[in-house]
>>> print(open('input_8.csv').read())   # CSV, C-alpha atoms
chain,number,residue,atom,x,y,z
A,1,MET,CA,61.0,64.2,132.7
A,2,LYS,CA,63.9,63.0,130.6
A,3,LEU,CA,66.8,65.0,129.2
A,4,THR,CA,69.0,63.9,126.3
A,5,PHE,CA,72.5,65.0,127.1
A,6,SER,CA,76.2,64.4,126.7
A,7,PRO,CA,78.7,65.2,129.4
A,8,SER,CA,80.7,67.3,126.9
A,9,SER,CA,77.8,69.5,125.7
A,10,PRO,CA,77.9,73.0,127.1
A,11,PHE,CA,74.3,73.4,126.3
A,12,ALA,CA,73.3,70.4,128.3
A,13,ARG,CA,75.6,71.5,131.1
A,14,LYS,CA,73.6,74.8,131.3
A,15,VAL,CA,70.4,72.9,131.7
A,16,ARG,CA,71.9,70.6,134.4
A,17,ILE,CA,73.2,73.6,136.4
A,18,CYS,CA,69.8,75.3,136.2
A,19,ALA,CA,68.1,72.0,137.3
A,20,ILE,CA,70.4,71.7,140.3
A,21,GLU,CA,70.1,75.4,141.3
A,22,LEU,CA,66.3,75.2,140.9
A,23,GLY,CA,66.0,72.0,143.0
A,24,LEU,CA,64.6,70.0,140.1
A,25,ILE,CA,67.5,67.7,139.4
A,26,ASP,CA,65.8,64.7,141.0
A,27,LYS,CA,62.8,65.0,138.7
A,28,ILE,CA,64.9,64.5,135.6
A,29,GLU,CA,66.2,61.3,134.1
A,30,PHE,CA,69.3,61.9,132.1
A,31,ILE,CA,69.6,60.0,128.8
A,32,PRO,CA,73.2,59.9,127.5
A,33,THR,CA,73.0,60.6,123.8
A,34,THR,CA,75.6,60.9,121.0
A,35,VAL,CA,75.0,63.2,118.0
A,36,ALA,CA,77.5,64.7,115.5
A,37,PRO,CA,77.2,66.6,112.3
A,38,GLY,CA,77.6,64.4,109.3
A,39,THR,CA,76.6,61.3,111.3
A,40,PRO,CA,73.0,60.2,110.5
A,41,ASN,CA,70.8,59.5,113.5
A,42,GLU,CA,67.4,58.6,112.2
A,43,LYS,CA,66.0,57.6,115.6
A,44,TYR,CA,66.9,61.0,117.2
A,45,THR,CA,65.7,62.8,114.1
A,46,HIS,CA,62.3,61.2,114.2
A,47,ASP,CA,61.7,60.6,117.9
A,48,ILE,CA,63.3,63.7,119.3
A,49,SER,CA,64.4,66.5,117.1
A,50,PRO,CA,65.3,66.9,113.4
A,51,LEU,CA,68.0,69.4,114.4
A,52,ARG,CA,69.8,66.5,116.1
A,53,LYS,CA,71.1,68.8,118.9
A,54,LEU,CA,71.5,68.2,122.6
A,55,PRO,CA,69.8,68.7,125.0
A,56,ALA,CA,66.1,68.0,124.5
A,57,LEU,CA,63.6,67.7,127.3
A,58,ILE,CA,60.9,65.0,127.1
A,59,LEU,CA,57.9,65.6,129.3
A,60,ASP,CA,56.0,62.8,130.9
A,61,ASP,CA,53.2,63.2,128.3
A,62,GLY,CA,55.8,62.8,125.5
A,63,THR,CA,56.0,66.5,124.5
A,64,VAL,CA,59.5,67.3,123.4
A,65,ILE,CA,60.9,70.7,124.3
A,66,VAL,CA,64.0,72.3,122.6
A,67,ASP,CA,66.3,74.2,122.8
A,68,SER,CA,68.5,74.6,125.9
A,69,TYR,CA,67.2,78.1,126.6
A,70,VAL,CA,63.6,77.1,126.3
A,71,ILE,CA,64.2,74.2,128.6
A,72,CYS,CA,65.9,76.4,131.2
A,73,GLU,CA,63.0,78.9,131.1
A,74,TYR,CA,60.5,76.0,131.4
A,75,LEU,CA,62.3,74.7,134.5
A,76,ASP,CA,62.5,78.2,135.9
A,77,ASP,CA,58.7,78.4,135.4
A,78,LEU,CA,58.2,75.0,137.0
A,79,ALA,CA,60.2,76.2,140.0
A,80,GLY,CA,57.8,79.2,140.5
A,81,GLY,CA,59.2,81.6,137.9
A,82,GLY,CA,61.6,84.5,138.2
A,83,LYS,CA,64.4,82.4,139.9
A,84,LEU,CA,67.1,82.5,137.2
A,85,ILE,CA,65.4,84.8,134.7
A,86,PRO,CA,63.8,88.0,136.0
A,87,ALA,CA,60.0,87.8,135.7
A,88,SER,CA,59.4,91.2,134.3
A,89,GLY,CA,60.7,94.7,133.6
A,90,ILE,CA,63.8,95.7,131.6
A,91,ALA,CA,65.9,93.4,133.7
A,92,ARG,CA,64.1,90.5,132.0
A,93,TRP,CA,64.9,91.6,128.5
A,94,LYS,CA,68.5,92.5,129.4
A,95,VAL,CA,69.1,89.0,130.8
A,96,LYS,CA,67.4,87.3,127.9
A,97,SER,CA,69.5,89.3,125.4
A,98,GLU,CA,72.7,88.6,127.3
A,99,HIS,CA,71.8,84.9,127.3
A,100,ALA,CA,71.1,85.0,123.5
A,101,MET,CA,74.5,86.5,123.0
A,102,LEU,CA,76.1,83.7,125.0
A,103,GLN,CA,74.1,81.2,123.1
A,104,GLY,CA,75.5,82.7,119.9
A,105,MET,CA,79.0,82.7,121.3
A,106,LEU,CA,78.7,79.0,122.1
A,107,ASP,CA,77.4,78.3,118.7
A,108,ALA,CA,80.4,80.1,117.2
A,109,MET,CA,82.8,78.1,119.4
A,110,LEU,CA,81.1,74.8,118.3
A,111,LEU,CA,81.5,75.9,114.7
A,112,CYS,CA,85.2,76.4,115.4
A,113,ARG,CA,85.4,72.9,116.9
A,114,TYR,CA,83.7,71.4,113.9
A,115,GLU,CA,86.0,73.3,111.6
A,116,SER,CA,89.2,72.2,113.2
A,117,MET,CA,88.3,68.6,114.3
A,118,LEU,CA,85.4,67.3,112.3
A,119,ARG,CA,85.9,68.7,108.8
A,120,PRO,CA,88.5,67.0,106.6
A,121,GLU,CA,91.8,69.0,106.8
A,122,ALA,CA,91.8,69.9,103.2
A,123,GLN,CA,88.4,71.5,103.4
A,124,ARG,CA,89.1,73.8,106.4
A,125,TRP,CA,88.8,77.5,105.9
A,126,GLN,CA,90.8,79.6,108.3
A,127,THR,CA,88.9,82.8,107.6
A,128,TRP,CA,85.7,81.1,108.8
A,129,TYR,CA,87.4,79.8,111.9
A,130,ASP,CA,88.9,83.1,112.8
A,131,ASP,CA,85.6,84.9,112.3
A,132,GLN,CA,83.7,82.5,114.5
A,133,TRP,CA,86.3,82.6,117.1
A,134,ASP,CA,86.4,86.4,117.1
A,135,ARG,CA,82.7,86.4,117.8
A,136,ALA,CA,83.1,84.4,121.0
A,137,TRP,CA,86.2,86.4,122.0
A,138,GLN,CA,84.6,89.8,121.4
A,139,GLY,CA,81.6,88.5,123.4
A,140,PHE,CA,83.8,87.6,126.3
A,141,ALA,CA,85.4,91.1,126.1
A,142,ARG,CA,81.8,92.5,126.3
A,143,PHE,CA,81.2,90.7,129.5
A,144,GLU,CA,84.6,91.6,130.9
A,145,ALA,CA,83.5,95.2,130.6
A,146,GLN,CA,80.3,94.6,132.6
A,147,PRO,CA,81.3,93.9,136.2
A,148,ASP,CA,77.7,94.5,137.3
A,149,VAL,CA,76.6,91.4,135.3
A,150,LEU,CA,79.3,89.3,137.0
A,151,ALA,CA,78.3,90.5,140.5
A,152,ARG,CA,74.5,90.0,140.4
A,153,PRO,CA,72.7,87.3,142.2
A,154,LEU,CA,72.9,84.0,140.3
A,155,ASP,CA,71.0,84.1,137.0
A,156,ILE,CA,70.9,82.4,133.6
A,157,THR,CA,73.5,84.8,132.1
A,158,GLN,CA,76.0,83.9,134.7
A,159,ILE,CA,75.3,80.2,134.2
A,160,ALA,CA,75.6,80.4,130.5
A,161,LEU,CA,78.8,82.5,130.8
A,162,THR,CA,80.2,79.8,133.1
A,163,CYS,CA,79.4,77.1,130.6
A,164,ALA,CA,81.0,79.1,127.8
A,165,LEU,CA,84.2,79.7,129.8
A,166,GLY,CA,84.2,76.1,130.8
A,167,TYR,CA,83.9,75.1,127.2
A,168,ALA,CA,86.8,77.3,126.3
A,169,ASP,CA,88.9,75.4,128.9
A,170,PHE,CA,87.6,72.1,127.7
A,171,ARG,CA,88.1,72.5,123.9
A,172,PHE,CA,90.4,75.5,123.5
A,173,PRO,CA,92.7,75.1,126.5
A,174,ASP,CA,95.5,77.3,125.0
A,175,CYS,CA,93.3,80.3,124.1
A,176,GLY,CA,94.5,82.2,127.1
A,177,TRP,CA,91.2,83.8,128.1
A,178,ARG,CA,92.2,84.2,131.7
A,179,ASN,CA,95.1,86.5,130.8
A,180,SER,CA,92.9,88.6,128.6
A,181,PHE,CA,89.9,88.7,130.8
A,182,PRO,CA,90.9,88.8,134.5
A,183,LYS,CA,87.5,89.8,135.8
A,184,LEU,CA,86.0,86.8,134.0
A,185,ALA,CA,88.7,84.7,135.5
A,186,ALA,CA,87.8,85.8,139.1
A,187,PHE,CA,84.1,85.3,138.3
A,188,TYR,CA,84.7,81.8,136.9
A,189,ALA,CA,86.8,80.9,140.0
A,190,THR,CA,83.9,81.9,142.2
A,191,MET,CA,81.3,80.1,140.1
A,192,SER,CA,83.5,77.0,140.1
A,193,GLN,CA,82.9,76.6,143.8
A,194,ARG,CA,79.2,75.9,143.3
A,195,PRO,CA,78.3,72.2,143.6
A,196,SER,CA,76.1,72.6,140.5
A,197,VAL,CA,79.1,73.7,138.4
A,198,GLN,CA,81.4,71.0,139.8
A,199,ALA,CA,78.8,68.2,139.3
A,200,SER,CA,78.3,69.2,135.6
A,201,ALA,CA,82.0,69.7,134.6
A,202,PRO,CA,82.9,68.1,131.3
A,203,PRO,CA,85.2,65.1,131.3
A,204,LYS,CA,88.9,65.5,131.0
A,205,ALA,CA,89.6,66.5,127.3
B,1,MET,CA,63.4,102.0,118.7
B,2,LYS,CA,65.8,101.1,115.9
B,3,LEU,CA,66.2,97.7,114.2
B,4,THR,CA,69.3,96.7,112.3
B,5,PHE,CA,68.1,94.7,109.4
B,6,SER,CA,68.7,93.5,105.8
B,7,PRO,CA,65.9,92.8,103.3
B,8,SER,CA,67.4,89.4,102.7
B,9,SER,CA,67.6,88.3,106.4
B,10,PRO,CA,64.9,85.8,107.3
B,11,PHE,CA,65.5,86.6,111.0
B,12,ALA,CA,64.9,90.3,110.4
B,13,ARG,CA,61.8,89.4,108.3
B,14,LYS,CA,60.3,87.5,111.3
B,15,VAL,CA,60.7,90.6,113.5
B,16,ARG,CA,59.2,92.9,110.8
B,17,ILE,CA,56.2,90.6,110.4
B,18,CYS,CA,55.7,90.5,114.2
B,19,ALA,CA,56.0,94.3,114.4
B,20,ILE,CA,53.4,94.8,111.7
B,21,GLU,CA,51.0,92.2,113.1
B,22,LEU,CA,51.4,93.7,116.6
B,23,GLY,CA,50.7,97.2,115.4
B,24,LEU,CA,54.2,98.4,116.4
B,25,ILE,CA,55.8,98.9,113.0
B,26,ASP,CA,55.6,102.7,113.1
B,27,LYS,CA,57.5,102.8,116.4
B,28,ILE,CA,60.6,101.2,114.8
B,29,GLU,CA,63.2,102.9,112.6
B,30,PHE,CA,64.8,100.4,110.3
B,31,ILE,CA,68.6,100.7,109.8
B,32,PRO,CA,69.8,98.8,106.7
B,33,THR,CA,72.9,96.9,107.7
B,34,THR,CA,75.3,94.6,106.0
B,35,VAL,CA,77.1,91.8,107.8
B,36,ALA,CA,78.8,88.6,106.5
B,37,PRO,CA,81.0,85.9,108.0
B,38,GLY,CA,84.6,86.6,107.2
B,39,THR,CA,84.1,90.3,106.7
B,40,PRO,CA,85.2,92.4,109.7
B,41,ASN,CA,82.8,94.9,111.0
B,42,GLU,CA,84.4,96.6,114.0
B,43,LYS,CA,81.7,99.2,114.4
B,44,TYR,CA,78.8,96.6,114.6
B,45,THR,CA,80.9,94.4,116.8
B,46,HIS,CA,81.5,97.2,119.3
B,47,ASP,CA,78.3,99.3,119.1
B,48,ILE,CA,75.8,96.5,118.5
B,49,SER,CA,76.7,92.9,118.9
B,50,PRO,CA,80.0,90.9,118.8
B,51,LEU,CA,78.0,88.1,117.1
B,52,ARG,CA,77.6,90.4,114.1
B,53,LYS,CA,74.2,89.0,113.3
B,54,LEU,CA,71.0,90.7,112.2
B,55,PRO,CA,68.6,91.9,113.5
B,56,ALA,CA,69.3,93.8,116.7
B,57,LEU,CA,66.9,96.1,118.4
B,58,ILE,CA,68.2,99.3,120.0
B,59,LEU,CA,65.9,100.8,122.6
B,60,ASP,CA,65.6,104.6,123.1
B,61,ASP,CA,67.9,104.4,126.1
B,62,GLY,CA,70.6,102.6,124.1
B,63,THR,CA,69.9,99.1,125.4
B,64,VAL,CA,70.6,96.6,122.6
B,65,ILE,CA,68.4,93.5,122.5
B,66,VAL,CA,69.4,90.3,120.5
B,67,ASP,CA,68.4,87.8,119.1
B,68,SER,CA,65.4,87.8,116.7
B,69,TYR,CA,63.3,85.7,119.1
B,70,VAL,CA,64.0,87.8,122.1
B,71,ILE,CA,63.1,90.9,120.1
B,72,CYS,CA,59.8,89.3,119.0
B,73,GLU,CA,58.9,88.3,122.6
B,74,TYR,CA,59.8,91.9,123.7
B,75,LEU,CA,57.5,93.3,121.1
B,76,ASP,CA,54.8,90.9,122.0
B,77,ASP,CA,55.1,92.0,125.6
B,78,LEU,CA,55.1,95.7,124.6
B,79,ALA,CA,51.8,95.0,122.7
B,80,GLY,CA,50.2,93.6,125.9
B,81,GLY,CA,51.6,90.1,125.9
B,82,GLY,CA,50.1,86.8,124.7
B,83,LYS,CA,49.5,88.0,121.2
B,84,LEU,CA,51.8,85.9,119.1
B,85,ILE,CA,53.2,83.7,122.0
B,86,PRO,CA,50.8,82.1,124.4
B,87,ALA,CA,51.1,83.8,127.8
B,88,SER,CA,51.0,80.6,129.9
B,89,GLY,CA,50.3,76.9,130.1
B,90,ILE,CA,51.7,74.1,128.0
B,91,ALA,CA,50.7,75.9,124.8
B,92,ARG,CA,53.4,78.5,125.7
B,93,TRP,CA,56.2,75.9,125.9
B,94,LYS,CA,55.0,74.1,122.8
B,95,VAL,CA,55.1,77.3,120.7
B,96,LYS,CA,58.5,78.3,122.2
B,97,SER,CA,59.9,74.9,121.4
B,98,GLU,CA,58.4,74.9,117.8
B,99,HIS,CA,59.9,78.3,117.3
B,100,ALA,CA,63.4,77.2,118.6
B,101,MET,CA,63.2,74.3,116.1
B,102,LEU,CA,62.5,76.7,113.3
B,103,GLN,CA,65.3,79.0,114.4
B,104,GLY,CA,67.6,75.9,114.2
B,105,MET,CA,66.3,75.1,110.8
B,106,LEU,CA,67.0,78.6,109.6
B,107,ASP,CA,70.5,78.5,111.1
B,108,ALA,CA,71.1,75.2,109.2
B,109,MET,CA,69.8,76.7,105.9
B,110,LEU,CA,72.2,79.7,106.5
B,111,LEU,CA,75.1,77.3,107.0
B,112,CYS,CA,74.2,75.7,103.7
B,113,ARG,CA,74.2,79.1,102.0
B,114,TYR,CA,77.6,79.9,103.5
B,115,GLU,CA,79.0,76.5,102.5
B,116,SER,CA,77.8,76.8,98.9
B,117,MET,CA,78.3,80.5,98.3
B,118,LEU,CA,80.7,82.1,100.7
B,119,ARG,CA,83.3,79.4,101.3
B,120,PRO,CA,86.0,79.0,98.6
B,121,GLU,CA,85.0,76.1,96.4
B,122,ALA,CA,88.0,73.9,97.2
B,123,GLN,CA,87.1,74.1,100.9
B,124,ARG,CA,83.5,73.0,100.7
B,125,TRP,CA,82.5,69.8,102.4
B,126,GLN,CA,79.4,68.1,100.9
B,127,THR,CA,78.8,65.9,104.0
B,128,TRP,CA,78.3,69.1,106.1
B,129,TYR,CA,76.0,70.7,103.5
B,130,ASP,CA,73.9,67.6,103.3
B,131,ASP,CA,73.7,67.2,107.0
B,132,GLN,CA,72.6,70.8,107.6
B,133,TRP,CA,70.1,70.7,104.7
B,134,ASP,CA,68.6,67.5,106.1
B,135,ARG,CA,68.0,69.2,109.4
B,136,ALA,CA,65.9,71.8,107.7
B,137,TRP,CA,64.2,69.3,105.5
B,138,GLN,CA,63.3,66.9,108.3
B,139,GLY,CA,62.1,69.9,110.2
B,140,PHE,CA,59.7,70.8,107.4
B,141,ALA,CA,58.5,67.2,107.4
B,142,ARG,CA,57.8,67.5,111.1
B,143,PHE,CA,55.5,70.6,110.5
B,144,GLU,CA,53.9,69.0,107.5
B,145,ALA,CA,52.7,66.2,109.9
B,146,GLN,CA,51.1,68.7,112.3
B,147,PRO,CA,48.1,70.3,110.5
B,148,ASP,CA,46.9,71.6,113.9
B,149,VAL,CA,49.9,73.9,114.1
B,150,LEU,CA,49.2,75.2,110.6
B,151,ALA,CA,45.5,75.9,111.3
B,152,ARG,CA,45.8,77.8,114.6
B,153,PRO,CA,45.3,81.5,115.0
B,154,LEU,CA,48.4,83.4,113.9
B,155,ASP,CA,51.4,82.9,116.2
B,156,ILE,CA,55.2,83.1,116.2
B,157,THR,CA,55.6,79.5,115.0
B,158,GLN,CA,53.6,80.2,111.9
B,159,ILE,CA,55.5,83.4,111.3
B,160,ALA,CA,58.8,81.7,111.6
B,161,LEU,CA,57.7,78.8,109.4
B,162,THR,CA,56.6,81.3,106.8
B,163,CYS,CA,60.1,83.0,106.9
B,164,ALA,CA,61.8,79.6,106.7
B,165,LEU,CA,59.7,78.6,103.6
B,166,GLY,CA,60.2,82.0,102.1
B,167,TYR,CA,64.0,81.7,102.6
B,168,ALA,CA,63.8,78.3,100.9
B,169,ASP,CA,62.2,80.0,97.9
B,170,PHE,CA,64.7,82.9,98.0
B,171,ARG,CA,68.0,80.9,98.3
B,172,PHE,CA,67.1,77.3,97.4
B,173,PRO,CA,64.5,77.8,94.6
B,174,ASP,CA,65.0,74.4,93.2
B,175,CYS,CA,64.6,72.4,96.4
B,176,GLY,CA,61.1,71.4,95.6
B,177,TRP,CA,59.6,71.8,99.0
B,178,ARG,CA,56.1,72.3,97.7
B,179,ASN,CA,56.0,68.9,96.0
B,180,SER,CA,57.2,67.2,99.1
B,181,PHE,CA,55.1,69.2,101.6
B,182,PRO,CA,51.7,70.0,100.1
B,183,LYS,CA,50.2,71.1,103.4
B,184,LEU,CA,53.0,73.5,104.0
B,185,ALA,CA,52.4,74.8,100.4
B,186,ALA,CA,48.7,75.5,101.2
B,187,PHE,CA,49.7,77.1,104.5
B,188,TYR,CA,52.3,79.3,102.8
B,189,ALA,CA,49.9,80.4,100.1
B,190,THR,CA,47.4,81.5,102.8
B,191,MET,CA,50.1,83.3,104.8
B,192,SER,CA,51.4,85.0,101.7
B,193,GLN,CA,48.1,86.9,101.4
B,194,ARG,CA,48.9,88.8,104.7
B,195,PRO,CA,50.1,92.4,104.1
B,196,SER,CA,52.8,91.8,106.7
B,197,VAL,CA,54.2,88.9,104.7
B,198,GLN,CA,54.0,90.7,101.5
B,199,ALA,CA,55.6,93.9,102.8
B,200,SER,CA,58.6,91.9,104.2
B,201,ALA,CA,59.3,89.7,101.2
B,202,PRO,CA,63.0,89.4,100.3
B,203,PRO,CA,64.2,91.0,97.1
B,204,LYS,CA,64.3,89.0,93.9
B,205,ALA,CA,67.2,86.6,94.1
>>> encode(input="input_8.csv", output="structure tokens")
Amino acid sequence: MKLTFSPSSPFARKVRICAIELGLIDKIEFIPTTVAPGTPNEKYTHDISPLRKLPALILDDGTVIVDSYVICEYLDDLAGGGKLIPASGIARWKVKSEHAMLQGMLDAMLLCRYESMLRPEAQRWQTWYDDQWDRAWQGFARFEAQPDVLARPLDITQIALTCALGYADFRFPDCGWRNSFPKLAAFYATMSQRPSVQASAPPKA
Amino acid sequence: MKLTFSPSSPFARKVRICAIELGLIDKIEFIPTTVAPGTPNEKYTHDISPLRKLPALILDDGTVIVDSYVICEYLDDLAGGGKLIPASGIARWKVKSEHAMLQGMLDAMLLCRYESMLRPEAQRWQTWYDDQWDRAWQGFARFEAQPDVLARPLDITQIALTCALGYADFRFPDCGWRNSFPKLAAFYATMSQRPSVQASAPPKA
């Protein structure tokens, strides 16, 4: 299998952590790829995905699988199923919902990044930035209030939460999330000891 | 169960179509809800979802499930499983990947809508709009080139594709997708005969 990725993509990081934790990392060839809104990339559009997002998984028969969550679930299934995503019952739906929330929080943080770095300065709209940032922030507050989620055996929610907090450190280093969310800070410190989390850390900003 | 929804949300429409096709529509109470980027909604943020997106499913025990795809998969499971999403094998991953692509296409179309209608005129950035629109458009081109996907028994890919094309009609009526994608036009005409598609049609723009 091949995975298109960038070291700075939190979505690709999530897949890398899952692959390591599931013991599948050696089965994946990593293809460094650059995509950015506003920059055409015809080859990626046509060969991989018209969404021009990272990561995408390319199976040995050429089948392309998007997005990062579907890839993680595919890898979990490949590893026997029920490893990082509960196989059945209400726990399955709670974890899938928690993960979808984290996916939306990361989308919101990326929109903030595009608003403040990619968009020409005169075309920036603070109301949009503030609204997107608040989605991520309120989402973190939601997880801060759920210590049971933070203390469970490793799952996709915890991995995605780690990637979201790591992305906050990487792109919004002054946001002060550790002061506002001390339980998340302790959780992140523990997660940061895992080799999978260390190996996938983004480059220095 | 309760579902927060708006008649104009293509994501809520997808859930409604799935619920009708799965025979579960009578088990869901629909809660009309208004959310918009830049408009605070503390109650929705705290009671339902910090992402402030539609739809969200509220189970009888109070558990909130997001996002639209997770809700559809939950409903499919509730109906016995494997109805609109293949239960196993490579077909499962292809459908999940196709759906994720359509989800991304709809996200891109919504970003175009926000860019051209919500954002103050002086802060609009045509490069962003064009890039997001191209993602949706190239996505449609991808499905136009896959007649097997359009001809399968009903599944979540076809339902999401119908919602994306319906959203194009609703919010981008002059985009001319039928001229560019005649196979999608024939597919959409067939899908539009289904009572589930008719019952969930957005209001007149």
>>> residues_around(input="input_8.csv", residues="Leu84 of chain B", least_positions_apart="5", cutoff="10 Å", atoms="all atoms listed in the file", output="list in words")
Cys18, Glu21, Leu22, Cys72, Glu73, Leu75, Asp76, Asp77, Ala79, Val95, Pro153, Leu154, Asp155, Ile156, Thr157, Gln158 and Ile159 of chain B
>>> residues_near_point(input="input_8.csv", point="(87.6, 67.9, 105.8)", cutoff="12 Å", atoms="all atoms listed in the file", output="list in words")
Gly38, Tyr114, Glu115, Ser116, Met117, Leu118, Arg119, Pro120, Glu121, Ala122, Gln123, Arg124 and Trp125 of chain A; Ala122, Gln123, Arg124, Trp125, Gln126, Thr127 and Trp128 of chain B
>>> interface_residues(input="input_8.csv", of="chain B", to="chain A", cutoff="8 Å", atoms="only C-alpha atoms", output="ChimeraX atom specification")
/B:37-40,45,49-52,63-67,70,74,93-94,96-98,100-101,104-105,119-120,122-125,127-128,130-132,135-136,138-139,142
>>> atom_distance(input="input_8.csv", atom1="atom CA of Cys175 of chain A", atom2="atom CA of Tyr188 of chain A")
15.5 Å
>>> residues_around(input="input_8.csv", residues="segment 8-15 of chain B", least_positions_apart="6", cutoff="7 Å", atoms="all atoms listed in the file", output="list in words")
Leu54, Pro55, Ser68, Cys72, Ile159, Ala160, Cys163, Ala164, Tyr167, Ser200, Pro202 and Pro203 of chain B
>>> write_last_selection(input="input_8.csv", atoms="C-alpha atoms", output="PDB file, keeping the file's coordinate frame")
ATOM      1  CA  LEU B  54      71.000  90.700 112.200  1.00  0.00           C
ATOM      2  CA  PRO B  55      68.600  91.900 113.500  1.00  0.00           C
ATOM      3  CA  SER B  68      65.400  87.800 116.700  1.00  0.00           C
ATOM      4  CA  CYS B  72      59.800  89.300 119.000  1.00  0.00           C
ATOM      5  CA  ILE B 159      55.500  83.400 111.300  1.00  0.00           C
ATOM      6  CA  ALA B 160      58.800  81.700 111.600  1.00  0.00           C
ATOM      7  CA  CYS B 163      60.100  83.000 106.900  1.00  0.00           C
ATOM      8  CA  ALA B 164      61.800  79.600 106.700  1.00  0.00           C
ATOM      9  CA  TYR B 167      64.000  81.700 102.600  1.00  0.00           C
ATOM     10  CA  SER B 200      58.600  91.900 104.200  1.00  0.00           C
ATOM     11  CA  PRO B 202      63.000  89.400 100.300  1.00  0.00           C
ATOM     12  CA  PRO B 203      64.200  91.000  97.100  1.00  0.00           C
TER      13      PRO B 203
END
>>> residues_around(input="input_8.csv", residues="Met1 of chain A", least_positions_apart="5", cutoff="7 Å", atoms="only C-alpha atoms", output="NGL selection string")
:A and (27-29 or 57-60)
>>> closest_residue(input="input_8.csv", among="A:Phe187, A:Asp169, A:Leu111, A:Gly176", to="Gln146 of chain A", atoms="all atoms listed in the file")
A:Phe187
>>> atom_distance(input="input_8.csv", atom1="atom CA of Leu78 of chain B", atom2="atom CA of Arg194 of chain B")
22.0 Å
>>> atom_distance(input="input_8.csv", atom1="atom CA of Pro7 of chain A", atom2="atom CA of Phe143 of chain A")
25.6 Å
>>> decode(input="input_8.csv", residues="segment 42-78 of chain A", atoms="C-alpha atoms", output="PDB file, in the first residue's frame")
ATOM      1  CA  GLU A  42      -3.848  18.251 -11.975  1.00  0.00           C
ATOM      2  CA  LYS A  43      -1.929  15.069 -11.416  1.00  0.00           C
ATOM      3  CA  TYR A  44      -3.224  14.597  -7.870  1.00  0.00           C
ATOM      4  CA  THR A  45      -6.732  15.613  -8.956  1.00  0.00           C
ATOM      5  CA  HIS A  46      -6.852  13.001 -11.678  1.00  0.00           C
ATOM      6  CA  ASP A  47      -4.708  10.189 -10.296  1.00  0.00           C
ATOM      7  CA  ILE A  48      -5.652  10.361  -6.616  1.00  0.00           C
ATOM      8  CA  SER A  49      -8.482  12.619  -5.486  1.00  0.00           C
ATOM      9  CA  PRO A  50     -10.345  15.636  -6.886  1.00  0.00           C
ATOM     10  CA  LEU A  51     -10.550  16.924  -3.312  1.00  0.00           C
ATOM     11  CA  ARG A  52      -6.754  17.374  -3.373  1.00  0.00           C
ATOM     12  CA  LYS A  53      -6.507  16.461   0.312  1.00  0.00           C
ATOM     13  CA  LEU A  54      -4.023  14.381   2.264  1.00  0.00           C
ATOM     14  CA  PRO A  55      -3.814  11.551   3.028  1.00  0.00           C
ATOM     15  CA  ALA A  56      -5.018   9.034   0.446  1.00  0.00           C
ATOM     16  CA  LEU A  57      -4.304   5.310   0.588  1.00  0.00           C
ATOM     17  CA  ILE A  58      -3.534   3.533  -2.667  1.00  0.00           C
ATOM     18  CA  LEU A  59      -4.052  -0.218  -2.483  1.00  0.00           C
ATOM     19  CA  ASP A  60      -1.883  -2.617  -4.446  1.00  0.00           C
ATOM     20  CA  ASP A  61      -4.649  -3.061  -7.058  1.00  0.00           C
ATOM     21  CA  GLY A  62      -4.775   0.716  -7.569  1.00  0.00           C
ATOM     22  CA  THR A  63      -7.942   1.351  -5.560  1.00  0.00           C
ATOM     23  CA  VAL A  64      -7.718   4.761  -3.884  1.00  0.00           C
ATOM     24  CA  ILE A  65      -9.263   5.154  -0.431  1.00  0.00           C
ATOM     25  CA  VAL A  66     -10.109   8.525   1.133  1.00  0.00           C
ATOM     26  CA  ASP A  67     -10.463  10.101   3.703  1.00  0.00           C
ATOM     27  CA  SER A  68      -8.244   9.748   6.797  1.00  0.00           C
ATOM     28  CA  TYR A  69     -11.024   8.191   8.879  1.00  0.00           C
ATOM     29  CA  VAL A  70     -11.971   5.633   6.258  1.00  0.00           C
ATOM     30  CA  ILE A  71      -8.278   4.760   5.918  1.00  0.00           C
ATOM     31  CA  CYS A  72      -7.946   4.263   9.688  1.00  0.00           C
ATOM     32  CA  GLU A  73     -11.031   2.070   9.773  1.00  0.00           C
ATOM     33  CA  TYR A  74      -9.695   0.087   6.812  1.00  0.00           C
ATOM     34  CA  LEU A  75      -6.372  -0.457   8.606  1.00  0.00           C
ATOM     35  CA  ASP A  76      -8.191  -1.431  11.800  1.00  0.00           C
ATOM     36  CA  ASP A  77     -10.177  -3.986   9.805  1.00  0.00           C
ATOM     37  CA  LEU A  78      -6.978  -5.246   8.168  1.00  0.00           C
TER      38      LEU A  78
END
